[in-house]
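Structure file my_file.cif (mmCIF, C-alpha atoms) follows.
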```cif
data_query
loop_
_atom_site.label_atom_id
_atom_site.label_comp_id
_atom_site.auth_asym_id
_atom_site.auth_seq_id
_atom_site.Cartn_x
_atom_site.Cartn_y
_atom_site.Cartn_z
CA MET A 13 -54.49 9.28 -10.25
CA LYS A 14 -57.87 10.47 -9.04
CA ASN A 15 -58.39 11.22 -5.35
CA LYS A 16 -61.34 8.96 -4.79
CA SER A 17 -61.91 6.32 -2.18
CA THR A 18 -63.09 4.01 -4.94
CA SER A 19 -62.23 3.53 -8.60
CA GLY A 20 -65.14 2.79 -10.92
CA PHE A 21 -67.57 1.29 -8.37
CA ARG A 22 -68.03 1.17 -4.64
CA LYS A 23 -65.66 -1.25 -2.92
CA THR A 24 -67.79 -2.75 -0.15
CA THR A 25 -66.30 -4.52 2.84
CA SER A 26 -67.48 -7.89 1.54
CA TRP A 27 -65.86 -7.19 -1.84
CA ARG A 28 -62.56 -6.31 -0.19
CA ILE A 29 -62.63 -9.41 1.99
CA GLY A 30 -63.36 -11.52 -1.09
CA VAL A 31 -60.45 -9.96 -3.00
CA LEU A 32 -58.15 -10.48 -0.01
CA LEU A 33 -59.09 -14.17 0.25
CA ILE A 34 -58.65 -14.72 -3.48
CA LEU A 35 -55.21 -13.11 -3.40
CA ILE A 36 -54.17 -15.23 -0.42
CA LEU A 37 -55.07 -18.30 -2.50
CA LEU A 38 -53.30 -16.86 -5.55
CA ALA A 39 -50.14 -16.15 -3.55
CA ALA A 40 -50.23 -19.69 -2.14
CA ALA A 41 -50.75 -21.05 -5.66
CA GLY A 42 -47.73 -19.07 -6.88
CA VAL A 43 -45.57 -20.52 -4.11
CA ILE A 44 -46.73 -24.08 -4.84
CA PHE A 45 -46.27 -23.58 -8.61
CA SER A 46 -42.70 -22.44 -7.95
CA LEU A 47 -41.92 -25.42 -5.71
CA VAL A 48 -43.29 -28.15 -8.00
CA SER A 49 -41.96 -26.76 -11.31
CA GLY A 50 -38.50 -27.17 -12.77
CA ALA A 51 -36.17 -29.58 -14.52
CA VAL A 52 -37.18 -32.23 -11.98
CA LYS A 53 -40.95 -32.50 -11.60
CA VAL A 54 -42.12 -32.84 -8.02
CA SER A 55 -45.70 -33.61 -7.06
CA LEU A 56 -47.61 -31.74 -4.38
CA MET A 57 -47.50 -34.88 -2.26
CA GLY A 58 -43.73 -34.93 -2.70
CA ILE A 59 -43.58 -31.37 -1.37
CA ILE A 60 -45.64 -32.40 1.65
CA HIS A 61 -43.31 -35.34 2.28
CA VAL A 62 -40.31 -32.98 2.22
CA PHE A 63 -41.85 -30.72 4.85
CA THR A 64 -43.00 -33.58 7.05
CA GLY A 65 -39.51 -35.15 6.96
CA SER A 66 -40.55 -38.40 5.30
CA GLU A 67 -38.59 -37.57 2.12
CA GLN A 68 -34.81 -37.66 2.62
CA GLY A 69 -33.48 -38.24 -0.92
CA SER A 70 -32.47 -35.98 -3.78
CA ILE A 71 -35.98 -34.50 -3.95
CA ARG A 72 -35.53 -33.06 -0.47
CA GLU A 73 -32.21 -31.48 -1.48
CA ILE A 74 -33.79 -29.93 -4.59
CA ILE A 75 -36.76 -28.49 -2.70
CA TRP A 76 -35.03 -27.48 0.52
CA ASN A 77 -31.77 -26.08 -0.81
CA VAL A 78 -32.73 -24.82 -4.28
CA ARG A 79 -36.42 -24.10 -4.80
CA LEU A 80 -37.64 -23.14 -1.33
CA PRO A 81 -35.15 -20.31 -0.66
CA ARG A 82 -35.61 -18.99 -4.20
CA THR A 83 -39.40 -19.07 -3.84
CA LEU A 84 -39.33 -17.30 -0.48
CA LEU A 85 -36.90 -14.75 -1.87
CA ALA A 86 -39.17 -14.12 -4.86
CA GLY A 87 -42.05 -13.53 -2.46
CA LEU A 88 -40.06 -11.02 -0.40
CA ILE A 89 -38.83 -9.21 -3.53
CA GLY A 90 -42.43 -9.02 -4.73
CA ILE A 91 -43.53 -7.54 -1.41
CA ASN A 92 -40.70 -5.00 -1.26
CA LEU A 93 -41.00 -3.65 -4.79
CA SER A 94 -44.81 -3.65 -4.75
CA LEU A 95 -45.04 -1.78 -1.44
CA ALA A 96 -42.39 0.69 -2.61
CA GLY A 97 -44.43 1.34 -5.74
CA ALA A 98 -47.67 1.74 -3.78
CA LEU A 99 -46.05 4.30 -1.48
CA LEU A 100 -44.49 6.27 -4.34
CA GLN A 101 -47.73 6.28 -6.33
CA GLY A 102 -49.49 7.74 -3.29
CA VAL A 103 -46.80 10.31 -2.60
CA MET A 104 -46.86 11.48 -6.21
CA ARG A 105 -50.54 10.76 -6.83
CA ASN A 106 -49.57 9.18 -10.12
CA SER A 107 -50.27 5.59 -11.15
CA MET A 108 -47.15 5.52 -13.34
CA ALA A 109 -44.76 6.16 -10.46
CA ASP A 110 -42.35 3.27 -9.94
CA PRO A 111 -39.03 2.93 -8.07
CA HIS A 112 -37.28 2.13 -11.34
CA ILE A 113 -38.85 4.84 -13.47
CA ILE A 114 -38.40 7.76 -11.03
CA GLY A 115 -34.77 7.03 -10.23
CA VAL A 116 -34.80 5.44 -6.75
CA SER A 117 -33.88 2.00 -8.08
CA SER A 118 -31.36 3.52 -10.48
CA GLY A 119 -29.54 5.17 -7.59
CA ALA A 120 -29.55 1.89 -5.68
CA GLY A 121 -28.37 0.05 -8.80
CA PHE A 122 -25.51 2.48 -9.42
CA PHE A 123 -24.16 2.08 -5.89
CA GLY A 124 -24.74 -1.67 -6.03
CA ILE A 125 -22.85 -2.02 -9.30
CA ALA A 126 -20.06 0.23 -7.98
CA MET A 127 -19.67 -2.01 -4.95
CA LEU A 128 -19.78 -5.12 -7.13
CA VAL A 129 -17.16 -4.10 -9.71
CA MET A 130 -14.92 -1.73 -7.73
CA PHE A 131 -14.90 -3.33 -4.29
CA PRO A 132 -15.79 -7.01 -4.80
CA ALA A 133 -14.22 -7.91 -1.46
CA TYR A 134 -16.92 -5.83 0.24
CA ALA A 135 -19.86 -7.32 -1.67
CA TYR A 136 -21.56 -8.08 1.65
CA LEU A 137 -22.09 -4.32 2.04
CA MET A 138 -24.16 -4.07 -1.15
CA THR A 139 -27.48 -3.72 0.66
CA PRO A 140 -26.53 -0.72 2.84
CA ALA A 141 -24.67 0.80 -0.12
CA ALA A 142 -27.74 0.38 -2.34
CA PHE A 143 -29.93 1.97 0.35
CA LEU A 144 -27.60 4.96 0.57
CA GLY A 145 -27.74 5.21 -3.22
CA ALA A 146 -31.53 5.07 -3.27
CA LEU A 147 -31.82 7.60 -0.44
CA GLY A 148 -29.27 9.85 -2.13
CA ALA A 149 -31.25 9.64 -5.37
CA ALA A 150 -34.45 10.53 -3.50
CA LEU A 151 -32.81 13.57 -1.88
CA PHE A 152 -31.36 14.59 -5.25
CA ILE A 153 -34.83 14.33 -6.79
CA TYR A 154 -36.35 16.47 -4.05
CA THR A 155 -33.60 19.06 -4.40
CA LEU A 156 -34.22 19.36 -8.13
CA ALA A 157 -38.00 19.41 -7.72
CA TRP A 158 -38.13 21.88 -4.82
CA LYS A 159 -39.66 25.25 -5.54
CA ASN A 160 -41.84 26.46 -2.68
CA GLY A 161 -42.55 22.80 -2.08
CA ALA A 162 -42.09 19.67 -4.16
CA SER A 163 -45.14 19.02 -6.32
CA PRO A 164 -45.78 15.46 -7.56
CA GLY A 165 -45.35 16.52 -11.19
CA ARG A 166 -41.95 18.10 -10.61
CA ILE A 167 -40.83 15.09 -8.54
CA ILE A 168 -41.62 12.71 -11.41
CA LEU A 169 -39.85 14.86 -14.01
CA ALA A 170 -36.82 15.22 -11.73
CA GLY A 171 -36.93 11.47 -11.08
CA VAL A 172 -36.78 10.65 -14.77
CA ALA A 173 -33.74 12.91 -15.14
CA VAL A 174 -32.03 11.39 -12.08
CA SER A 175 -32.76 7.89 -13.38
CA ALA A 176 -31.08 8.74 -16.68
CA PHE A 177 -28.12 10.25 -14.81
CA PHE A 178 -27.51 7.15 -12.66
CA SER A 179 -28.10 4.83 -15.62
CA SER A 180 -25.36 6.68 -17.50
CA GLY A 181 -23.09 6.33 -14.47
CA THR A 182 -23.76 2.59 -14.36
CA SER A 183 -22.91 2.25 -18.06
CA GLY A 184 -19.72 4.22 -17.49
CA LEU A 185 -18.66 1.89 -14.68
CA LEU A 186 -19.16 -1.13 -16.93
CA VAL A 187 -17.03 0.47 -19.63
CA PHE A 188 -14.14 1.10 -17.23
CA TYR A 189 -14.51 -2.30 -15.57
CA SER A 190 -15.32 -4.31 -18.69
CA GLU A 191 -13.85 -7.50 -17.22
CA GLN A 192 -16.71 -7.49 -14.71
CA VAL A 193 -19.49 -7.12 -17.29
CA ASN A 194 -20.55 -10.77 -17.22
CA GLY A 195 -20.96 -10.72 -13.47
CA ALA A 196 -22.95 -7.47 -13.62
CA LEU A 197 -25.24 -8.50 -16.48
CA LEU A 198 -27.67 -10.45 -14.31
CA PHE A 199 -27.72 -7.55 -11.86
CA LEU A 200 -28.69 -5.13 -14.64
CA VAL A 201 -31.62 -7.22 -15.92
CA GLY A 202 -32.74 -8.56 -12.55
CA GLY A 203 -32.85 -12.26 -11.82
CA LEU A 204 -33.12 -14.89 -9.09
CA SER A 205 -30.76 -17.45 -10.60
CA ALA A 206 -28.47 -19.16 -8.03
CA LYS A 207 -30.10 -17.30 -5.12
CA SER A 208 -30.31 -19.29 -1.91
CA TRP A 209 -30.59 -19.05 1.87
CA PRO A 210 -27.77 -16.49 2.40
CA HIS A 211 -29.51 -14.02 0.07
CA LEU A 212 -32.79 -14.58 1.90
CA GLN A 213 -31.09 -13.90 5.23
CA ILE A 214 -29.67 -10.64 3.86
CA LEU A 215 -33.03 -9.40 2.61
CA LEU A 216 -35.34 -10.56 5.42
CA PRO A 217 -34.53 -7.94 8.11
CA TYR A 218 -34.82 -5.08 5.61
CA SER A 219 -38.14 -6.47 4.38
CA ILE A 220 -39.55 -6.76 7.90
CA ILE A 221 -38.44 -3.27 8.92
CA GLY A 222 -39.57 -1.65 5.66
CA THR A 223 -42.94 -3.41 5.69
CA LEU A 224 -43.64 -2.42 9.30
CA PHE A 225 -42.74 1.19 8.57
CA ALA A 226 -44.94 1.13 5.46
CA LEU A 227 -47.92 -0.17 7.43
CA MET A 228 -47.41 2.60 9.98
CA THR A 229 -47.93 5.24 7.27
CA THR A 230 -51.44 4.16 6.20
CA GLN A 231 -53.28 6.96 8.03
CA ARG A 232 -50.92 9.62 6.71
CA MET A 233 -51.14 8.21 3.20
CA ASN A 234 -54.94 8.29 3.26
CA ILE A 235 -54.82 11.94 4.32
CA LEU A 236 -52.20 12.76 1.69
CA MET A 237 -54.43 11.25 -1.00
CA LEU A 238 -56.97 14.02 -0.31
CA GLY A 239 -54.64 16.60 -1.85
CA ASP A 240 -52.09 18.99 -0.39
CA SER A 241 -54.56 21.70 0.67
CA ASP A 242 -56.92 19.34 2.47
CA ALA A 243 -54.02 17.42 4.02
CA LYS A 244 -52.50 20.62 5.41
CA GLY A 245 -55.91 21.63 6.68
CA LEU A 246 -56.08 18.37 8.64
CA GLY A 247 -52.72 19.13 10.24
CA LEU A 248 -50.49 16.90 8.11
CA HIS A 249 -46.98 18.17 7.35
CA VAL A 250 -47.13 17.32 3.64
CA GLU A 251 -43.48 17.76 2.64
CA ARG A 252 -42.18 15.94 5.70
CA THR A 253 -44.58 13.08 5.03
CA ARG A 254 -43.52 12.86 1.38
CA LEU A 255 -39.86 12.70 2.36
CA LEU A 256 -40.48 10.10 5.09
CA VAL A 257 -42.56 7.85 2.86
CA THR A 258 -40.05 8.17 0.01
CA ALA A 259 -37.28 7.10 2.42
CA ILE A 260 -39.31 4.00 3.38
CA ALA A 261 -39.91 3.22 -0.30
CA ALA A 262 -36.16 3.67 -0.91
CA LEU A 263 -35.35 1.16 1.84
CA LEU A 264 -37.74 -1.42 0.39
CA ALA A 265 -36.62 -0.93 -3.21
CA ALA A 266 -32.89 -0.72 -2.43
CA SER A 267 -32.86 -3.92 -0.40
CA ALA A 268 -34.57 -5.75 -3.26
CA VAL A 269 -32.25 -4.25 -5.88
CA SER A 270 -29.14 -5.16 -3.88
CA VAL A 271 -30.13 -8.85 -3.92
CA VAL A 272 -31.69 -9.43 -7.36
CA GLY A 273 -30.67 -6.37 -9.39
CA LEU A 274 -32.72 -3.86 -11.37
CA LEU A 275 -36.11 -5.52 -11.60
CA ALA A 276 -38.35 -3.03 -13.35
CA PHE A 277 -42.13 -2.50 -13.51
CA VAL A 278 -43.12 -4.69 -10.53
CA GLY A 279 -43.56 -1.53 -8.47
CA MET A 280 -45.89 -0.07 -11.08
CA ILE A 281 -47.99 -3.00 -12.27
CA VAL A 282 -48.80 -4.60 -8.92
CA PRO A 283 -49.95 -1.58 -6.85
CA HIS A 284 -51.89 -0.11 -9.76
CA THR A 285 -53.74 -3.41 -10.25
CA ALA A 286 -54.40 -3.63 -6.50
CA ARG A 287 -55.77 -0.08 -6.55
CA LEU A 288 -58.19 -1.00 -9.35
CA LEU A 289 -59.40 -3.97 -7.30
CA ILE A 290 -59.95 -2.39 -3.89
CA GLY A 291 -59.58 1.38 -4.16
CA ASN A 292 -57.23 3.87 -2.51
CA ASP A 293 -57.63 3.06 1.19
CA TYR A 294 -54.06 2.30 2.24
CA ARG A 295 -55.23 0.25 5.23
CA ILE A 296 -56.29 -2.50 2.81
CA LEU A 297 -54.29 -1.43 -0.27
CA LEU A 298 -50.90 -2.29 1.25
CA PRO A 299 -51.82 -5.86 2.35
CA VAL A 300 -53.48 -6.54 -1.00
CA THR A 301 -50.48 -5.12 -2.84
CA ALA A 302 -48.11 -7.34 -0.84
CA LEU A 303 -50.13 -10.50 -1.57
CA LEU A 304 -50.38 -9.66 -5.26
CA GLY A 305 -46.64 -8.96 -5.34
CA ILE A 306 -45.94 -12.43 -3.95
CA ALA A 307 -48.20 -14.04 -6.54
CA VAL A 308 -46.85 -12.06 -9.51
CA LEU A 309 -43.16 -12.55 -8.84
CA THR A 310 -43.32 -16.24 -7.85
CA ILE A 311 -45.39 -17.05 -10.93
CA PHE A 312 -43.28 -14.98 -13.34
CA ASP A 313 -40.01 -16.29 -11.93
CA THR A 314 -41.27 -19.85 -12.36
CA LEU A 315 -42.35 -19.17 -15.94
CA ALA A 316 -38.94 -17.65 -16.64
CA ARG A 317 -37.35 -20.88 -15.41
CA ILE A 318 -39.47 -23.32 -17.40
CA ILE A 319 -40.58 -21.68 -20.66
CA PHE A 320 -37.18 -21.93 -22.36
CA ALA A 321 -35.79 -24.83 -20.29
CA PRO A 322 -33.03 -25.83 -19.99
CA VAL A 323 -32.11 -22.16 -20.59
CA GLU A 324 -33.27 -19.96 -17.72
CA LEU A 325 -34.53 -16.50 -18.59
CA PRO A 326 -33.97 -13.76 -15.98
CA VAL A 327 -37.31 -12.75 -14.50
CA GLY A 328 -36.45 -9.10 -15.18
CA ILE A 329 -36.77 -9.75 -18.91
CA MET A 330 -40.20 -11.31 -18.39
CA MET A 331 -41.36 -8.38 -16.27
CA GLY A 332 -40.04 -5.91 -18.84
CA ALA A 333 -41.92 -7.67 -21.63
CA VAL A 334 -45.16 -7.30 -19.66
CA GLY A 335 -44.41 -3.99 -17.96
CA ALA A 336 -43.56 -1.93 -21.05
CA PRO A 337 -46.98 -2.48 -22.73
CA PHE A 338 -48.65 -1.89 -19.35
CA PHE A 339 -46.81 1.43 -19.01
CA LEU A 340 -47.90 2.47 -22.50
CA TYR A 341 -51.48 1.52 -21.61
CA LEU A 342 -51.38 3.75 -18.53
CA LEU A 343 -49.82 6.57 -20.55
CA ARG A 344 -52.52 6.31 -23.21
CA LYS A 345 -55.27 6.09 -20.60
CA ARG A 346 -54.05 9.24 -18.84
CA GLY A 347 -53.77 11.02 -22.17
CA MET A 348 -57.38 10.17 -23.03
CA GLN A 349 -58.57 11.50 -19.64
CA GLU A 350 -56.82 14.85 -20.05
#
```

In structure tokens, write the structure found in this file.
Amino acid sequence: MKNKSTSGFRKTTSWRIGVLLILILLAAAGVIFSLVSGAVKVSLMGIIHVFTGSEQGSIREIIWNVRLPRTLLAGLIGINLSLAGALLQGVMRNSMADPHIIGVSSGAGFFGIAMLVMFPAYAYLMTPAAFLGALGAALFIYTLAWKNGASPGRIILAGVAVSAFFSSGTSGLLVFYSEQVNGALLFLVGGLSAKSWPHLQILLPYSIIGTLFALMTTQRMNILMLGDSDAKGLGLHVERTRLLVTAIAALLAASAVSVVGLLAFVGMIVPHTARLLIGNDYRILLPVTALLGIAVLTIFDTLARIIFAPVELPVGIMMGAVGAPFFLYLLRKRGMQE
């Protein structure tokens, strides 16, 4: 990923404001699309009646207790995974970095699955367990990559190895606890089916804390994007910053994984697209990434619900179908530039 303040053409202030406004509308459209779509069609006016209290029938129950919490949860998941990806791409200066690909999500997933199949009575501790798994994976990656510092290239290679290691551990758990496979399947592919207000309440505090911490790193991230030598020259402790930002990304990714499972590629597609739109300035990149994350996940989750209705497809399958070609495109693009 090139260390430029722009990508392709100059991103003026008016351009950035325009992109921000468009993405606000797109995120709102994704939320509305999610609320009106489903087995029972609900008009926009019907949604308004639900929120104003003039609708008290079955429509209100469908919107308030089924679609609204799922839609809000999809938005939060989109924010968490997208911000985690944006932070990791900056730390590693690589547009292909993603919580799932480099092993952070795999560590969270392994601990989440272990809690789910080995200690089902303590399922309410999945989020802190997943965070410990993600943080442990991040520390493991840094340990493997460390050699007079942890370069972005070594971090990515170590991350791929750690991801494979935890994925093998997850498969091993499912072999030994085969009676729990059906319950763990949705977790492995990532989905929002049957998610409601309790899941939203679990995720919300982690999302708020992680997002605030992420926004507090914008100045450091902009300096880090200049390269290690320049960043050190400006007084930034590069390795400490990398570790801190990775921990924040781990918190965001792990909280999302603990609620919806291993949802791949969101953390790669969304921040990379946002970077193409507005450049590398993290002061605007993170808000744009969050808005685009809301739009992408609410729209894709809705499509997963309605395309094969009455069968509901996990949104993780949809994201994988789009993300894999996108990853190959990035890989080919980087190969052509080298």

Applied to the shown file, which residues does the PyMOL selection byres ((chain A and resi 101-118) around 6) return, written as a compact mmCIF listing (two decimals) with C-alpha atoms, in the coordinates of the input?
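Result file follows (part11.txt):
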```
# COMPACT_ATOMS: atom_id res chain seq x y z
CA MET A 13 -54.49 9.28 -10.25
CA GLY A 97 -44.43 1.34 -5.74
CA ALA A 98 -47.67 1.74 -3.78
CA LEU A 99 -46.05 4.30 -1.48
CA LEU A 100 -44.49 6.27 -4.34
CA GLY A 119 -29.54 5.17 -7.59
CA ALA A 120 -29.55 1.89 -5.68
CA GLY A 121 -28.37 0.05 -8.80
CA ALA A 146 -31.53 5.07 -3.27
CA ALA A 149 -31.25 9.64 -5.37
CA PRO A 164 -45.78 15.46 -7.56
CA ILE A 168 -41.62 12.71 -11.41
CA GLY A 171 -36.93 11.47 -11.08
CA VAL A 172 -36.78 10.65 -14.77
CA VAL A 174 -32.03 11.39 -12.08
CA SER A 175 -32.76 7.89 -13.38
CA PHE A 178 -27.51 7.15 -12.66
CA ARG A 254 -43.52 12.86 1.38
CA ALA A 276 -38.35 -3.03 -13.35
CA GLY A 279 -43.56 -1.53 -8.47
CA MET A 280 -45.89 -0.07 -11.08
```

Inset, instruction - Determine, counting only C-alpha atoms, which protein, DNA and RNA residues have an atom within 9 Å of an atom of Phe338 (chain A); residues of the same chain fewer than 5 positions away are not included. Present the result as a PyMOL selection string. - result: chain A and resi 277+280-281+343

Legend entry - Residues matched by the PyMOL selection byres ((chain A and resi 205-211) around 7), written as a PyMOL selection string: chain A and resi 78+81-82+203-204+212-215+271

Output C-alpha atoms of each residue in that selection to a file, as a compact mmCIF listing (two decimals), in the frame of the given file.
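Written out: out23.txt:
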```
# COMPACT_ATOMS: atom_id res chain seq x y z
CA VAL A 78 -32.73 -24.82 -4.28
CA PRO A 81 -35.15 -20.31 -0.66
CA ARG A 82 -35.61 -18.99 -4.20
CA GLY A 203 -32.85 -12.26 -11.82
CA LEU A 204 -33.12 -14.89 -9.09
CA LEU A 212 -32.79 -14.58 1.90
CA GLN A 213 -31.09 -13.90 5.23
CA ILE A 214 -29.67 -10.64 3.86
CA LEU A 215 -33.03 -9.40 2.61
CA VAL A 271 -30.13 -8.85 -3.92
```

Apply the PyMOL selection byres ((chain A and resi 294) around 10) to the structure shown and report the selected residues as a CSV table (one decimal) with C-alpha atoms, keeping the file's coordinate frame.
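Now in part_38.csv:
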```csv
chain,number,residue,atom,x,y,z
A,17,SER,CA,-61.9,6.3,-2.2
A,98,ALA,CA,-47.7,1.7,-3.8
A,99,LEU,CA,-46.0,4.3,-1.5
A,102,GLY,CA,-49.5,7.7,-3.3
A,226,ALA,CA,-44.9,1.1,5.5
A,227,LEU,CA,-47.9,-0.2,7.4
A,229,THR,CA,-47.9,5.2,7.3
A,230,THR,CA,-51.4,4.2,6.2
A,231,GLN,CA,-53.3,7.0,8.0
A,232,ARG,CA,-50.9,9.6,6.7
A,233,MET,CA,-51.1,8.2,3.2
A,234,ASN,CA,-54.9,8.3,3.3
A,235,ILE,CA,-54.8,11.9,4.3
A,237,MET,CA,-54.4,11.2,-1.0
A,287,ARG,CA,-55.8,-0.1,-6.6
A,290,ILE,CA,-60.0,-2.4,-3.9
A,291,GLY,CA,-59.6,1.4,-4.2
A,292,ASN,CA,-57.2,3.9,-2.5
A,293,ASP,CA,-57.6,3.1,1.2
A,295,ARG,CA,-55.2,0.2,5.2
A,296,ILE,CA,-56.3,-2.5,2.8
A,297,LEU,CA,-54.3,-1.4,-0.3
A,298,LEU,CA,-50.9,-2.3,1.2
A,299,PRO,CA,-51.8,-5.9,2.4
A,300,VAL,CA,-53.5,-6.5,-1.0
A,301,THR,CA,-50.5,-5.1,-2.8
```

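Among the candidate residues A:Leu33, A:Leu137, A:Ile44, A:Ala268, the one lying nearest to Ile75 (chain A) is A:Ile44, with distances computed using only C-alpha atoms.
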
Inset, instruction - Place a sphere of radius 10 Å on (-41.4, -28.9, -8.8) in the file coordinates and name every protein, DNA or RNA residue with an atom inside or on its surface, counting all atoms listed in the file; give the answer as a VMD selection string. - result: chain A and resid 44 to 56 58 to 59 71 74 to 75 79 314

Inset, instruction - Find the distance between CA of Ile260 (chain A) and CA of Leu236 (chain A) and write it in Å to one decimal. - result: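 Interatomic distance here is 15.7 Å.
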
Inset, instruction - Quote the spacing between CA of Leu255 (chain A) and CA of Ala86 (chain A) in Å to one decimal place. - result: 27.8 Å
